[in-house]
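Asker: Okay, here's the structure, questions in a sec.
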Amino acid sequence: MKPTYIFNLLIVLLFIGCKSQQYTFEELPEKYIQFGSGGGVTGMVTTFALLPNGQLFKNNSITKEYTELPNVPKDKVKLLFKMLADLKQTNTPIEKPGNMFAFLEDIDGKSTYRMVWDTANPQVSKEIRTLYKMLYKTTN
């Protein structure tokens with residue numbers, strides 16, 4: 001009987017150990033994708049943070065409130081991170097905001113790859129716009 005209890009305990013510990021670490025908006029991991037939009041009369045910026053474990057956060061710059069949104073499926077997260085990595089290889093960072101702007105950032109520890117563009121006159125590649133739209137669809 002004793003070996004059965006030990007085996008069951010090991011199985012439970014294995015499942016507990018495999019659970020992904022959960023984060024808060026104030027304590028994000030070193031690597032994540034940040035994207036959003038803002039500007040206009042109010043200057044409000046809405047920021048989303050997509051983490052490698054699928055967690056998704058939304059932040060409002062005026063109210064300073066953040067909301068945890070439903071998790072994004074891991075296969076989709078892997079695809080989005082891969083698409084961003086590919087974009088970084090073929091596109092230089094963009095810093096052309098307008099009155100209304102959109103942004104996409106790859107945050108990795110202390111380095112940030114940032115693209116900001118005017119939404120009224122987007123001068124960014126089709127690949128960047130496609131990735132941004134795919135990221136934005138995860139927030140619905």
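Chain labels follow the order of the structure tokens: the first chain is A, the next B, and so on; residue numbering restarts at 1 in every chain, and ligands are counted from 1 in their shown order.
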Which of chain A counts as alpha helix (DSSP H) under DSSP, as an NGL selection string please?
Answerer: :A and (2-18 or 74-90 or 126-137)
Asker: Which distance in Å separates atom CA of Thr42 of chain A and atom CA of Phe101 of chain A, to one decimal?
Answerer: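 Separation between atom CA of Thr42 of chain A and atom CA of Phe101 of chain A: 12.9 Å.
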Asker: Output as CSV one row per residue of segment 19-69 of chain A within 12 Å of segment 117-122 of chain A: the closest atom pair and its distance in Å to one decimal place, counting only C-alpha atoms, sorted by chain and residue number ascending.
Answerer:
```
residue,atom,partner,partner_atom,distance
A:Phe35,CA,A:Trp117,CA,11.7
A:Gly36,CA,A:Trp117,CA,11.0
A:Ser37,CA,A:Thr119,CA,8.7
A:Gly38,CA,A:Thr119,CA,9.6
A:Gly39,CA,A:Asp118,CA,9.8
A:Gly40,CA,A:Thr119,CA,11.0
```
Asker: Any idea what the distance is between atom CA of Tyr113 of chain A and atom CA of Asn99 of chain A?
Answerer: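 Atom-to-atom, atom CA of Tyr113 of chain A to atom CA of Asn99 of chain A, that is 21.5 Å.
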Asker: Residues at most 9 Å from Glu95 of chain A, counting only C-alpha atoms, excluding those fewer than 5 positions away in the same chain, as a list in words?
Answerer: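 What passes the distance filter is Arg114, Met115, Val116 and Trp117 of chain A.
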Asker: Using only C-alpha atoms, find the one residue out of A:Lys126, A:Lys31, A:Lys58, A:Lys74 that sits nearest to Gly109 of chain A.
Answerer: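 That would be A:Lys31, the residue with the smallest distance to Gly109 of chain A.
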Asker: Might you pull out every residue within 12 Å of Pro93 of chain A, with only C-alpha atoms counted and same-chain residues fewer than 3 positions away left off, and present them as a PyMOL selection string?
Answerer: chain A and resi 84+87-90+96+103-106+112-117+124-125+128
Asker: Can you tell me, as a ChimeraX atom specification, which residues in chain A count as strand (DSSP E) by DSSP?
Answerer: /A:31-39,45-50,56-60,66-69,94-96,100-108,111-118
Asker: Please determine, counting only C-alpha atoms, which residue among A:Lys64, A:Val72, A:Leu28, A:Tyr136 has the shortest atom-to-atom distance to Met44 of chain A.
Answerer: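 The closest residue to Met44 of chain A is A:Lys64.
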Asker: In Å, rounded to a single decimal, give me how far atom CA of Glu127 of chain A is from atom CA of Asn60 of chain A.
Answerer: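 Here the two named atoms are 26.5 Å from each other.
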